[in-house]
>>> print(open('target_0.txt').read())   # compact mmCIF, C-alpha atoms and all ligand atoms
# COMPACT_ATOMS: atom_id res chain seq x y z
CA MET A 10 -41.05 -29.57 49.79
CA GLU A 11 -41.19 -26.39 47.79
CA TRP A 12 -39.20 -24.34 50.35
CA LEU A 13 -36.14 -26.53 49.77
CA PHE A 14 -35.90 -25.23 46.23
CA LEU A 15 -36.11 -21.71 47.54
CA LEU A 16 -32.97 -22.31 49.58
CA LEU A 17 -30.88 -23.26 46.54
CA PRO A 18 -30.21 -19.74 45.25
CA VAL A 19 -29.46 -18.61 48.80
CA ALA A 20 -26.78 -21.27 49.07
CA ALA A 21 -25.33 -20.19 45.76
CA ILE A 22 -25.20 -16.53 46.79
CA SER A 23 -23.65 -17.25 50.20
CA GLY A 24 -21.02 -19.40 48.46
CA TRP A 25 -20.26 -16.54 46.12
CA VAL A 26 -20.01 -14.05 49.01
CA SER A 27 -17.58 -16.22 50.99
CA ALA A 28 -15.46 -16.87 47.89
CA ARG A 29 -15.38 -13.15 47.24
CA SER A 30 -14.25 -12.24 50.76
CA HIS A 31 -11.61 -14.95 50.56
CA TYR A 32 -10.35 -13.49 47.33
CA LYS A 33 -10.37 -10.00 48.81
CA LYS A 34 -8.25 -11.15 51.77
CA ARG A 35 -5.80 -12.82 49.42
CA PHE A 36 -5.69 -9.73 47.27
CA SER A 37 -4.94 -7.33 50.14
CA ALA A 38 -2.35 -9.76 51.50
CA GLN A 39 -0.61 -9.77 48.14
CA LYS A 40 -0.62 -6.02 47.95
CA ASN A 41 2.12 -5.75 50.54
CA TYR A 42 3.99 -8.73 49.23
CA PHE A 43 6.64 -8.45 46.59
CA ASP A 44 7.90 -11.62 44.99
CA PRO A 45 11.70 -11.69 44.99
CA ASP A 46 11.45 -12.87 41.37
CA TYR A 47 10.07 -9.45 40.60
CA PHE A 48 13.35 -7.86 41.56
CA THR A 49 15.34 -10.52 39.75
CA GLY A 50 13.38 -9.66 36.62
CA LEU A 51 13.92 -5.98 37.18
CA ASN A 52 17.62 -6.61 37.60
CA TYR A 53 17.85 -8.49 34.29
CA LEU A 54 16.08 -5.60 32.67
CA LEU A 55 18.43 -3.06 34.21
CA ASN A 56 21.38 -5.17 33.09
CA GLU A 57 20.03 -5.04 29.56
CA GLN A 58 19.07 -8.69 29.39
CA PRO A 59 15.48 -8.12 28.39
CA ASP A 60 14.82 -11.70 27.22
CA LYS A 61 15.71 -13.10 30.64
CA ALA A 62 13.66 -10.33 32.23
CA ILE A 63 10.65 -11.28 30.12
CA ASP A 64 10.97 -14.92 31.20
CA VAL A 65 10.85 -13.88 34.84
CA PHE A 66 7.88 -11.59 34.29
CA ILE A 67 5.96 -14.26 32.42
CA ARG A 68 6.64 -16.82 35.16
CA LEU A 69 5.34 -14.34 37.72
CA LEU A 70 2.07 -14.05 35.86
CA GLU A 71 1.26 -17.66 36.65
CA VAL A 72 1.03 -16.84 40.34
CA ASN A 73 -0.17 -13.27 40.26
CA SER A 74 -2.63 -11.92 37.73
CA ASP A 75 -2.65 -8.53 39.45
CA THR A 76 0.52 -7.68 37.54
CA VAL A 77 -1.32 -7.63 34.20
CA GLU A 78 -1.01 -3.85 34.00
CA THR A 79 2.73 -4.10 34.59
CA HIS A 80 3.05 -6.63 31.78
CA LEU A 81 1.05 -4.45 29.42
CA ALA A 82 3.25 -1.48 30.29
CA LEU A 83 6.44 -3.48 29.75
CA ALA A 84 5.22 -4.81 26.39
CA ASN A 85 4.27 -1.30 25.26
CA LEU A 86 7.73 -0.14 26.19
CA PHE A 87 9.25 -2.83 23.98
CA ARG A 88 6.93 -1.99 21.10
CA ARG A 89 7.79 1.68 21.34
CA ARG A 90 11.47 0.81 21.17
CA GLY A 91 10.78 -1.15 18.00
CA GLU A 92 11.28 -4.53 19.70
CA THR A 93 7.98 -5.88 18.48
CA GLU A 94 8.89 -9.57 18.79
CA ARG A 95 9.35 -9.19 22.54
CA ALA A 96 6.09 -7.24 22.82
CA ILE A 97 4.27 -9.99 20.90
CA ARG A 98 5.67 -12.66 23.22
CA ILE A 99 4.42 -10.88 26.32
CA HIS A 100 0.99 -10.20 24.86
CA GLN A 101 0.56 -13.75 23.58
CA ASN A 102 1.44 -15.10 27.01
CA LEU A 103 -1.04 -12.76 28.65
CA ILE A 104 -3.83 -13.87 26.33
CA ALA A 105 -3.11 -17.53 27.07
CA ARG A 106 -3.88 -17.00 30.77
CA PRO A 107 -7.34 -18.35 31.63
CA THR A 108 -7.59 -16.15 34.74
CA LEU A 109 -7.62 -12.92 32.74
CA LYS A 110 -10.71 -10.71 33.07
CA PRO A 111 -12.58 -10.21 29.76
CA SER A 112 -11.66 -6.51 29.67
CA GLN A 113 -7.97 -7.30 30.27
CA ARG A 114 -8.10 -9.98 27.57
CA ASP A 115 -9.61 -7.49 25.11
CA GLN A 116 -6.90 -4.99 25.93
CA ALA A 117 -4.14 -7.56 25.49
CA LEU A 118 -5.64 -8.60 22.13
CA ILE A 119 -5.78 -4.98 20.99
CA GLU A 120 -2.18 -4.45 22.05
CA LEU A 121 -1.17 -7.59 20.15
CA GLY A 122 -2.89 -6.18 17.08
CA LEU A 123 -0.87 -2.98 17.48
CA ASP A 124 2.31 -5.10 17.74
CA TYR A 125 1.43 -6.72 14.41
CA MET A 126 0.76 -3.31 12.92
CA SER A 127 4.13 -1.90 13.94
CA ALA A 128 5.80 -5.14 12.77
CA GLY A 129 4.18 -4.52 9.37
CA VAL A 130 2.08 -7.72 9.38
CA LEU A 131 -1.06 -5.80 8.60
CA ASP A 132 -3.20 -8.77 7.53
CA ARG A 133 -2.71 -10.47 10.90
CA ALA A 134 -3.55 -7.23 12.71
CA GLU A 135 -6.68 -6.80 10.58
CA HIS A 136 -7.77 -10.37 11.24
CA LEU A 137 -7.33 -9.93 14.98
CA PHE A 138 -9.22 -6.62 15.18
CA LEU A 139 -12.05 -7.99 13.02
CA GLU A 140 -12.40 -10.96 15.37
CA LEU A 141 -12.73 -8.55 18.28
CA LEU A 142 -15.58 -6.81 16.45
CA ASN A 143 -17.46 -10.11 16.36
CA THR A 144 -17.48 -10.42 20.15
CA PRO A 145 -20.71 -9.56 22.07
CA SER A 146 -19.35 -6.20 23.27
CA PRO A 147 -16.63 -5.14 20.83
CA PRO A 148 -14.05 -2.75 22.32
CA THR A 149 -14.35 0.69 20.68
CA ASP A 150 -10.57 0.85 20.20
CA ALA A 151 -10.80 -2.04 17.72
CA TYR A 152 -12.82 0.17 15.32
CA LYS A 153 -10.34 3.00 15.74
CA HIS A 154 -7.30 0.84 15.06
CA LEU A 155 -8.92 -0.82 12.05
CA LEU A 156 -9.57 2.64 10.67
CA GLY A 157 -5.89 3.49 11.18
CA LEU A 158 -4.87 0.23 9.54
CA TYR A 159 -7.00 0.78 6.43
CA GLN A 160 -5.53 4.27 6.08
CA GLN A 161 -2.03 2.79 6.33
CA GLN A 162 -2.99 0.32 3.58
CA LYS A 163 -4.58 3.15 1.56
CA ASN A 164 -7.68 0.96 1.37
CA TRP A 165 -10.05 3.91 1.23
CA GLN A 166 -13.29 2.00 0.69
CA LYS A 167 -12.69 -0.10 3.80
CA ALA A 168 -11.66 3.04 5.68
CA ILE A 169 -14.97 4.67 4.73
CA ASP A 170 -16.98 1.63 5.84
CA MET A 171 -15.14 1.48 9.16
CA ALA A 172 -15.36 5.23 9.83
CA LYS A 173 -19.12 5.11 9.28
CA LYS A 174 -19.38 2.45 12.01
CA ILE A 175 -17.52 4.57 14.56
CA GLN A 176 -19.89 6.28 16.95
CA SER A 177 -17.65 9.26 17.44
CA THR A 178 -17.94 11.86 20.16
CA ASP A 179 -16.79 14.31 17.49
CA PRO A 180 -19.00 13.59 14.41
CA GLN A 181 -17.65 16.63 12.58
CA LYS A 182 -14.09 15.34 12.74
CA ILE A 183 -14.98 11.85 11.56
CA GLY A 184 -17.15 13.40 8.82
CA ALA A 185 -14.19 15.45 7.59
CA GLU A 186 -12.06 12.28 7.55
CA ILE A 187 -14.68 10.33 5.57
CA ALA A 188 -14.78 13.22 3.07
CA GLN A 189 -10.98 12.95 2.64
CA PHE A 190 -11.29 9.20 1.98
CA TYR A 191 -13.89 9.88 -0.73
CA CYS A 192 -11.50 12.44 -2.24
CA GLU A 193 -8.74 9.80 -2.26
CA LEU A 194 -11.07 7.46 -4.18
CA ALA A 195 -12.05 10.29 -6.54
CA GLU A 196 -8.38 11.07 -7.19
CA GLN A 197 -7.80 7.45 -8.21
CA GLU A 198 -10.79 7.61 -10.57
CA LEU A 199 -9.50 10.85 -12.06
CA GLU A 200 -6.79 8.85 -13.83
CA ILE A 201 -9.07 5.98 -14.88
CA ASP A 202 -12.61 7.25 -15.45
CA PRO A 203 -13.19 10.92 -14.47
CA SER A 204 -16.97 10.58 -14.82
CA ARG A 205 -16.94 8.20 -11.86
CA ALA A 206 -15.13 10.80 -9.72
CA LEU A 207 -18.04 13.24 -9.50
CA PRO A 208 -20.44 11.01 -7.48
CA LEU A 209 -17.60 10.30 -5.03
CA LEU A 210 -16.97 14.02 -4.61
CA LYS A 211 -20.66 14.55 -3.99
CA GLN A 212 -20.41 12.00 -1.18
CA ALA A 213 -17.38 13.86 0.22
CA ASN A 214 -19.36 17.07 0.23
CA GLN A 215 -22.27 15.40 2.01
CA PHE A 216 -20.03 14.22 4.83
CA ASP A 217 -18.20 17.53 5.08
CA ALA A 218 -19.71 20.61 3.46
CA LYS A 219 -16.42 22.42 4.16
CA CYS A 220 -14.29 19.94 2.19
CA VAL A 221 -12.12 22.23 0.03
CA ARG A 222 -10.37 19.29 -1.56
CA ALA A 223 -13.68 18.02 -3.02
CA ALA A 224 -14.37 21.49 -4.48
CA LEU A 225 -10.89 21.64 -6.08
CA LEU A 226 -11.14 18.09 -7.45
CA GLY A 227 -14.65 18.75 -8.75
CA ALA A 228 -13.34 21.78 -10.64
CA THR A 229 -10.47 19.70 -12.06
CA VAL A 230 -12.93 17.08 -13.37
CA HIS A 231 -15.12 19.78 -14.98
CA ILE A 232 -12.11 21.51 -16.55
CA GLN A 233 -10.97 18.17 -18.03
CA SER A 234 -14.33 17.88 -19.79
CA ASP A 235 -14.40 21.58 -20.81
CA HIS A 236 -17.26 22.45 -18.44
CA TYR A 237 -15.74 25.72 -17.24
CA ALA A 238 -18.90 27.30 -15.83
CA LYS A 239 -19.48 24.20 -13.68
CA ALA A 240 -15.86 24.35 -12.54
CA LEU A 241 -16.30 28.00 -11.51
CA LYS A 242 -19.40 27.07 -9.52
CA SER A 243 -17.40 24.43 -7.66
CA LEU A 244 -14.50 26.81 -6.95
CA ALA A 245 -16.83 29.58 -5.78
CA LYS A 246 -17.61 27.52 -2.66
CA ILE A 247 -14.04 27.68 -1.36
CA GLU A 248 -14.12 31.19 0.07
CA GLN A 249 -17.01 30.16 2.33
CA GLN A 250 -15.45 26.81 3.14
CA ASP A 251 -12.01 28.06 4.13
CA PRO A 252 -10.44 31.18 2.54
CA ASN A 253 -6.96 29.95 3.51
CA TYR A 254 -7.16 27.53 0.58
CA LEU A 255 -8.03 30.19 -2.01
CA PRO A 256 -4.42 30.29 -3.33
CA GLU A 257 -4.91 26.65 -4.45
CA ALA A 258 -7.96 27.69 -6.48
CA LEU A 259 -6.45 30.71 -8.26
CA PRO A 260 -4.69 28.91 -11.15
CA LEU A 261 -7.86 26.86 -11.84
CA LEU A 262 -9.98 30.02 -11.74
CA LYS A 263 -7.66 31.69 -14.22
CA THR A 264 -7.94 28.70 -16.58
CA CYS A 265 -11.76 28.85 -16.41
CA TYR A 266 -12.13 32.62 -16.87
CA GLN A 267 -9.63 32.56 -19.73
CA ALA A 268 -11.42 29.68 -21.46
CA LEU A 269 -14.75 31.51 -21.08
CA ASN A 270 -13.10 34.71 -22.35
CA LYS A 271 -14.15 36.55 -19.19
CA LEU A 272 -10.91 37.89 -17.70
CA PRO A 273 -12.55 41.23 -16.72
CA SER A 274 -14.97 39.27 -14.52
CA PHE A 275 -11.98 37.54 -12.94
CA GLN A 276 -10.50 40.97 -12.19
CA THR A 277 -13.71 42.01 -10.45
CA TRP A 278 -13.81 38.76 -8.53
CA LEU A 279 -10.16 39.15 -7.40
CA LYS A 280 -10.79 42.71 -6.22
CA GLY A 281 -13.73 41.44 -4.18
CA ILE A 282 -11.54 38.77 -2.59
CA LEU A 283 -8.82 41.33 -1.81
CA ALA A 284 -11.35 43.65 -0.21
CA ARG A 285 -12.17 40.87 2.24
CA HIS A 286 -8.65 39.36 2.51
CA PRO A 287 -6.26 42.29 1.82
CA LEU A 288 -3.09 40.37 2.81
CA MET A 289 -3.52 37.50 0.34
CA VAL A 290 -0.26 37.83 -1.64
CA SER A 291 -1.18 35.20 -4.22
CA ALA A 292 -4.41 37.08 -5.07
CA HIS A 293 -2.43 40.32 -5.58
CA LEU A 294 -0.02 38.48 -7.88
CA MET A 295 -2.87 36.93 -9.84
CA LEU A 296 -4.47 40.35 -10.18
CA ALA A 297 -1.16 41.71 -11.52
CA GLN A 298 -1.08 38.88 -14.09
CA VAL A 299 -4.63 39.69 -15.22
CA ILE A 300 -3.85 43.43 -15.40
CA GLU A 301 -0.81 42.62 -17.57
CA VAL A 302 -2.96 40.64 -20.02
CA GLU A 303 -5.76 43.23 -20.04
CA SER A 304 -3.90 46.56 -19.79
CA GLY A 305 -0.19 45.91 -20.44
CA THR A 306 3.04 45.42 -18.49
CA GLU A 307 3.44 48.99 -17.24
CA LYS A 308 0.07 49.01 -15.47
CA ALA A 309 0.84 45.65 -13.91
CA GLN A 310 4.27 46.83 -12.71
CA ALA A 311 2.75 49.95 -11.18
CA TYR A 312 0.17 47.85 -9.37
CA LEU A 313 2.80 45.44 -7.97
CA GLN A 314 5.12 48.29 -6.88
CA SER A 315 2.43 50.02 -4.87
CA GLN A 316 1.38 46.69 -3.42
CA LEU A 317 4.97 45.78 -2.43
CA GLN A 318 5.50 49.14 -0.74
CA ARG A 319 2.50 48.42 1.47
CA GLN A 320 3.25 44.73 2.03
CA PRO A 321 6.74 43.45 1.15
CA SER A 322 6.75 39.87 -0.10
CA LEU A 323 9.38 37.72 -1.73
CA GLU A 324 6.90 36.30 -4.25
CA GLY A 325 5.84 39.84 -5.19
CA LEU A 326 9.40 41.04 -5.67
CA HIS A 327 10.28 37.99 -7.73
CA HIS A 328 7.26 38.58 -9.93
CA LEU A 329 8.10 42.25 -10.35
CA LEU A 330 11.68 41.42 -11.36
CA SER A 331 10.45 38.88 -13.90
CA MET A 332 8.42 41.61 -15.61
CA GLY A 333 11.59 43.21 -16.98
CA ASP A 334 13.16 46.70 -16.94
CA LEU A 335 12.59 48.60 -13.74
CA ASN A 336 13.67 51.98 -12.47
CA PRO A 337 16.49 51.34 -9.89
CA GLN A 338 15.14 54.17 -7.72
CA VAL A 339 11.96 52.16 -7.33
CA LEU A 340 13.59 48.78 -7.17
CA LEU A 341 16.42 49.34 -4.67
CA PRO A 342 14.29 50.35 -1.66
CA LEU A 343 12.06 47.33 -2.31
CA VAL A 344 15.04 44.96 -2.46
CA ASN A 345 16.46 46.53 0.69
CA ASP A 346 13.20 46.04 2.63
CA MET A 347 13.01 42.48 1.47
CA THR A 348 16.59 41.40 2.30
CA GLU A 349 16.30 43.07 5.69
CA SER A 350 13.17 41.18 6.68
CA LEU A 351 14.59 37.93 5.27
CA LEU A 352 17.69 38.32 7.41
CA GLN A 353 15.66 39.09 10.50
CA HIS A 354 13.69 35.88 10.05
CA GLY A 355 16.47 33.66 8.75
CA ARG A 356 19.45 34.47 11.00
CA ARG A 357 19.19 32.10 13.94
CA TYR A 358 21.61 30.67 16.48
CA VAL A 359 21.08 26.90 16.45
CA CYS A 360 22.42 24.19 18.77
CA GLN A 361 24.25 21.52 16.76
CA HIS A 362 23.41 18.98 19.44
CA CYS A 363 19.69 19.39 20.20
CA GLY A 364 18.41 21.83 17.60
CA PHE A 365 17.53 24.62 20.06
CA SER A 366 17.29 27.90 18.18
CA GLY A 367 17.34 31.50 19.34
CA LYS A 368 17.98 35.05 18.20
CA THR A 369 21.10 35.59 20.32
CA ILE A 370 24.12 33.44 21.07
CA HIS A 371 24.12 31.23 24.17
CA TRP A 372 27.42 29.60 25.12
CA HIS A 373 25.55 27.21 27.41
CA CYS A 374 22.62 25.63 25.55
CA PRO A 375 19.34 26.14 27.43
CA GLY A 376 17.92 23.09 25.62
CA CYS A 377 20.49 20.34 26.27
CA GLN A 378 22.87 22.05 28.71
CA HIS A 379 25.89 21.45 26.45
CA TRP A 380 28.64 24.05 26.23
CA GLY A 381 29.78 25.58 22.96
CA THR A 382 27.31 23.78 20.69
CA ILE A 383 25.38 26.83 19.47
CA ARG A 384 26.39 28.43 16.19
CA LEU A 385 25.01 31.02 13.83
CA THR A 386 23.22 29.54 10.86
CA GLU A 387 23.66 31.83 7.90
CA LEU A 388 21.29 31.90 5.00
CA HIS A 389 22.67 29.90 2.11
CA PHE A 390 20.09 29.81 -0.61
CA SER A 391 21.72 26.85 -2.33
CA SER A 392 20.67 24.69 0.63
CA PHE A 393 17.59 26.62 1.60
CA ASP A 394 15.02 24.62 3.53
CA PRO A 395 11.50 26.04 3.62
CA ILE A 396 10.88 27.33 7.15
CA SER A 397 7.45 25.68 7.26
CA GLU A 398 9.09 22.25 7.18
CA HIS A 399 10.57 22.77 10.63
ZN ZN B 401 21.36 22.02 22.78
>>> encode(input="target_0.txt", output="structure tokens")
Amino acid sequence: MEWLFLLLPVAAISGWVSARSHYKKRFSAQKNYFDPDYFTGLNYLLNEQPDKAIDVFIRLLEVNSDTVETHLALANLFRRRGETERAIRIHQNLIARPTLKPSQRDQALIELGLDYMSAGVLDRAEHLFLELLNTPSPPTDAYKHLLGLYQQQKNWQKAIDMAKKIQSTDPQKIGAEIAQFYCELAEQELEIDPSRALPLLKQANQFDAKCVRAALLGATVHIQSDHYAKALKSLAKIEQQDPNYLPEALPLLKTCYQALNKLPSFQTWLKGILARHPLMVSAHLMLAQVIEVESGTEKAQAYLQSQLQRQPSLEGLHHLLSMGDLNPQVLLPLVNDMTESLLQHGRRYVCQHCGFSGKTIHWHCPGCQHWGTIRLTELHFSSFDPISEH
């Protein structure tokens, strides 16, 4: 009798195999078959009747689950156009289908969460993503979107917890983000209880040793409690971390050295920085300020003049002018250099239609192909936009 039991799994497997081949045949037959409803739906869409088009697409899903990708694409299109209600309808209908594969269901749920996010119903999105995390194999995107959501809510503690759960392929990047979240928390504490900010900044530094923001904030906390030597120690890290941020540290450094009555040491430090980063305008200007305090205005002017002749800068010229009486024979060539280079950078021909910009006039815009839309933008300082904003 025992051999009869042995046959049972065989029967189950053969049943599975025949069902599979049947499904395959049906699938390949459908591949060459286009439902006329499909074109009706497309036609509604083309005639800008998207609600009718959605109805047709949703009806199609009942008979053909192979169009799931098409539905997802259509819903994404709606969401991107800001029509989140339509996107939600499509995704909710997809999720209600019992024939959906688990991976497709997960994707539709994630997309629905994104719909909620762009509709601004963040609590619903959070709830949905958190439910996905409780499934046996949570989709990795759910972690990522929750992290985005907590950042949007400025809920930094939750963002930290979520980021720590993400098994990133780029641990350095996620570490740098976690450090920023700790800095956000520290900045909040700075206004309430500065002593609680320091442990948070220590955490930031542990997740990202190159976190300049933590070094700057740490110095601010120490300065607030008159611990200038500690503040200097914190600021000293920045050159190693990223010298591009040194200009942010200079005013804090000046405060510390002044409070400690050690401006000559600051001068030495600045000269060291300039030996390694000779083009750092803000360090030259700070050095000029220190020279003025230590050795008088004339010495400071002489330093700035020689510096400006080597490297013209608007900040430098402005600073020099603010120092008072200057010999026109020295000043005029400097002003001339400066206005010339400003004009070279600022005079642009810009298309009023698409924003294309170039150094010479084009009557036919290479960007948008319109005729006669490009004009010279002249520099008007009353409405001067910083170039970096563009
Ligand atoms: Zn154009």
>>> residues_around(input="target_0.txt", residues="stretch 291-305 of chain A", least_positions_apart="5", cutoff="12 Å", atoms="all atoms listed in the file", output="PDB file with C-alpha atoms, keeping the file's coordinate frame")
ATOM      1  CA  PRO A 252     -10.440  31.180   2.540  1.00  0.00           C
ATOM      2  CA  ASN A 253      -6.960  29.950   3.510  1.00  0.00           C
ATOM      3  CA  TYR A 254      -7.160  27.530   0.580  1.00  0.00           C
ATOM      4  CA  LEU A 255      -8.030  30.190  -2.010  1.00  0.00           C
ATOM      5  CA  PRO A 256      -4.420  30.290  -3.330  1.00  0.00           C
ATOM      6  CA  GLU A 257      -4.910  26.650  -4.450  1.00  0.00           C
ATOM      7  CA  ALA A 258      -7.960  27.690  -6.480  1.00  0.00           C
ATOM      8  CA  LEU A 259      -6.450  30.710  -8.260  1.00  0.00           C
ATOM      9  CA  PRO A 260      -4.690  28.910 -11.150  1.00  0.00           C
ATOM     10  CA  LEU A 261      -7.860  26.860 -11.840  1.00  0.00           C
ATOM     11  CA  LEU A 262      -9.980  30.020 -11.740  1.00  0.00           C
ATOM     12  CA  LYS A 263      -7.660  31.690 -14.220  1.00  0.00           C
ATOM     13  CA  THR A 264      -7.940  28.700 -16.580  1.00  0.00           C
ATOM     14  CA  TYR A 266     -12.130  32.620 -16.870  1.00  0.00           C
ATOM     15  CA  GLN A 267      -9.630  32.560 -19.730  1.00  0.00           C
ATOM     16  CA  ASN A 270     -13.100  34.710 -22.350  1.00  0.00           C
ATOM     17  CA  LYS A 271     -14.150  36.550 -19.190  1.00  0.00           C
ATOM     18  CA  LEU A 272     -10.910  37.890 -17.700  1.00  0.00           C
ATOM     19  CA  PRO A 273     -12.550  41.230 -16.720  1.00  0.00           C
ATOM     20  CA  SER A 274     -14.970  39.270 -14.520  1.00  0.00           C
ATOM     21  CA  PHE A 275     -11.980  37.540 -12.940  1.00  0.00           C
ATOM     22  CA  GLN A 276     -10.500  40.970 -12.190  1.00  0.00           C
ATOM     23  CA  THR A 277     -13.710  42.010 -10.450  1.00  0.00           C
ATOM     24  CA  TRP A 278     -13.810  38.760  -8.530  1.00  0.00           C
ATOM     25  CA  LEU A 279     -10.160  39.150  -7.400  1.00  0.00           C
ATOM     26  CA  LYS A 280     -10.790  42.710  -6.220  1.00  0.00           C
ATOM     27  CA  GLY A 281     -13.730  41.440  -4.180  1.00  0.00           C
ATOM     28  CA  ILE A 282     -11.540  38.770  -2.590  1.00  0.00           C
ATOM     29  CA  LEU A 283      -8.820  41.330  -1.810  1.00  0.00           C
ATOM     30  CA  ALA A 284     -11.350  43.650  -0.210  1.00  0.00           C
ATOM     31  CA  ARG A 285     -12.170  40.870   2.240  1.00  0.00           C
ATOM     32  CA  HIS A 286      -8.650  39.360   2.510  1.00  0.00           C
ATOM     33  CA  GLN A 310       4.270  46.830 -12.710  1.00  0.00           C
ATOM     34  CA  ALA A 311       2.750  49.950 -11.180  1.00  0.00           C
ATOM     35  CA  TYR A 312       0.170  47.850  -9.370  1.00  0.00           C
ATOM     36  CA  LEU A 313       2.800  45.440  -7.970  1.00  0.00           C
ATOM     37  CA  GLN A 314       5.120  48.290  -6.880  1.00  0.00           C
ATOM     38  CA  SER A 315       2.430  50.020  -4.870  1.00  0.00           C
ATOM     39  CA  GLN A 316       1.380  46.690  -3.420  1.00  0.00           C
ATOM     40  CA  LEU A 317       4.970  45.780  -2.430  1.00  0.00           C
ATOM     41  CA  ARG A 319       2.500  48.420   1.470  1.00  0.00           C
ATOM     42  CA  GLN A 320       3.250  44.730   2.030  1.00  0.00           C
ATOM     43  CA  PRO A 321       6.740  43.450   1.150  1.00  0.00           C
ATOM     44  CA  SER A 322       6.750  39.870  -0.100  1.00  0.00           C
ATOM     45  CA  LEU A 323       9.380  37.720  -1.730  1.00  0.00           C
ATOM     46  CA  GLU A 324       6.900  36.300  -4.250  1.00  0.00           C
ATOM     47  CA  GLY A 325       5.840  39.840  -5.190  1.00  0.00           C
ATOM     48  CA  LEU A 326       9.400  41.040  -5.670  1.00  0.00           C
ATOM     49  CA  HIS A 327      10.280  37.990  -7.730  1.00  0.00           C
ATOM     50  CA  HIS A 328       7.260  38.580  -9.930  1.00  0.00           C
ATOM     51  CA  LEU A 329       8.100  42.250 -10.350  1.00  0.00           C
ATOM     52  CA  SER A 331      10.450  38.880 -13.900  1.00  0.00           C
ATOM     53  CA  MET A 332       8.420  41.610 -15.610  1.00  0.00           C
TER      54      MET A 332
END
>>> atom_distance(input="target_0.txt", atom1="atom CA of A:Leu118", atom2="atom CA of A:Arg98")
12.1 Å
>>> residues_around(input="target_0.txt", residues="stretch 221-227 of chain A", least_positions_apart="4", cutoff="7 Å", atoms="all atoms listed in the file", output="VMD selection string")
chain A and resid 192 207 210 213 to 214 231 240 243 to 244 247 250 258
>>> closest_residue(input="target_0.txt", among="A:Val77, A:Ala62, A:Leu103, A:Leu139", to="A:Met171", atoms="only C-alpha atoms")
A:Leu139
>>> residues_near_ligand(input="target_0.txt", ligand="ligand ZN 401 (chain B)", cutoff="12 Å", atoms="all atoms listed in the file", output="list in words")
Tyr358, Val359, Cys360, Gln361, His362, Cys363, Gly364, Phe365, Ser366, Gly367, Ile370, His371, Trp372, His373, Cys374, Pro375, Gly376, Cys377, Gln378, His379, Trp380, Gly381, Thr382, Ile383 and Arg384 of chain A
>>> atom_distance(input="target_0.txt", atom1="atom CA of A:Thr76", atom2="atom CA of A:Leu142")
26.5 Å
>>> atom_distance(input="target_0.txt", atom1="atom CA of A:Ser127", atom2="atom CA of A:Asn102")
18.8 Å
>>> residues_around(input="target_0.txt", residues="A:Leu121", least_positions_apart="2", cutoff="9 Å", atoms="all atoms listed in the file", output="JSON, numbers by chain")
{"A": [96, 97, 99, 100, 101, 116, 117, 118, 119, 123, 124, 125, 126, 134, 137]}
>>> closest_residue(input="target_0.txt", among="A:Leu194, A:Lys182, A:Pro145, A:Leu335", to="A:Asn164", atoms="all atoms listed in the file")
A:Leu194
>>> closest_residue(input="target_0.txt", among="A:Asp115, A:Tyr237, A:Ala82, A:Ala128", to="A:Glu94", atoms="only C-alpha atoms")
A:Ala128
>>> decode(input="target_0.txt", residues="stretch 164-185 of chain A", atoms="C-alpha atoms", output="JSON list (two decimals), in the first residue's frame")
[["chain", "number", "residue", "atom", "x", "y", "z"],
["A", 164, "ASN", "CA", 11.07, 64.26, 11.74],
["A", 165, "TRP", "CA", 14.82, 63.82, 12.15],
["A", 166, "GLN", "CA", 14.76, 61.15, 14.86],
["A", 167, "LYS", "CA", 12.57, 58.89, 12.73],
["A", 168, "ALA", "CA", 14.76, 59.67, 9.72],
["A", 169, "ILE", "CA", 17.83, 58.56, 11.68],
["A", 170, "ASP", "CA", 16.16, 55.31, 12.79],
["A", 171, "MET", "CA", 15.05, 54.54, 9.24],
["A", 172, "ALA", "CA", 18.41, 55.41, 7.65],
["A", 173, "LYS", "CA", 20.16, 53.07, 10.07],
["A", 174, "LYS", "CA", 17.93, 50.22, 8.86],
["A", 175, "ILE", "CA", 18.81, 50.79, 5.21],
["A", 176, "GLN", "CA", 21.41, 48.34, 4.00],
["A", 177, "SER", "CA", 22.89, 50.75, 1.52],
["A", 178, "THR", "CA", 25.25, 49.89, -1.30],
["A", 179, "ASP", "CA", 26.86, 53.24, -0.53],
["A", 180, "PRO", "CA", 27.38, 53.29, 3.29],
["A", 181, "GLN", "CA", 29.40, 56.51, 3.10],
["A", 182, "LYS", "CA", 26.53, 58.40, 1.52],
["A", 183, "ILE", "CA", 23.95, 57.16, 4.01],
["A", 184, "GLY", "CA", 26.42, 57.88, 6.84],
["A", 185, "ALA", "CA", 26.76, 61.48, 5.64]]
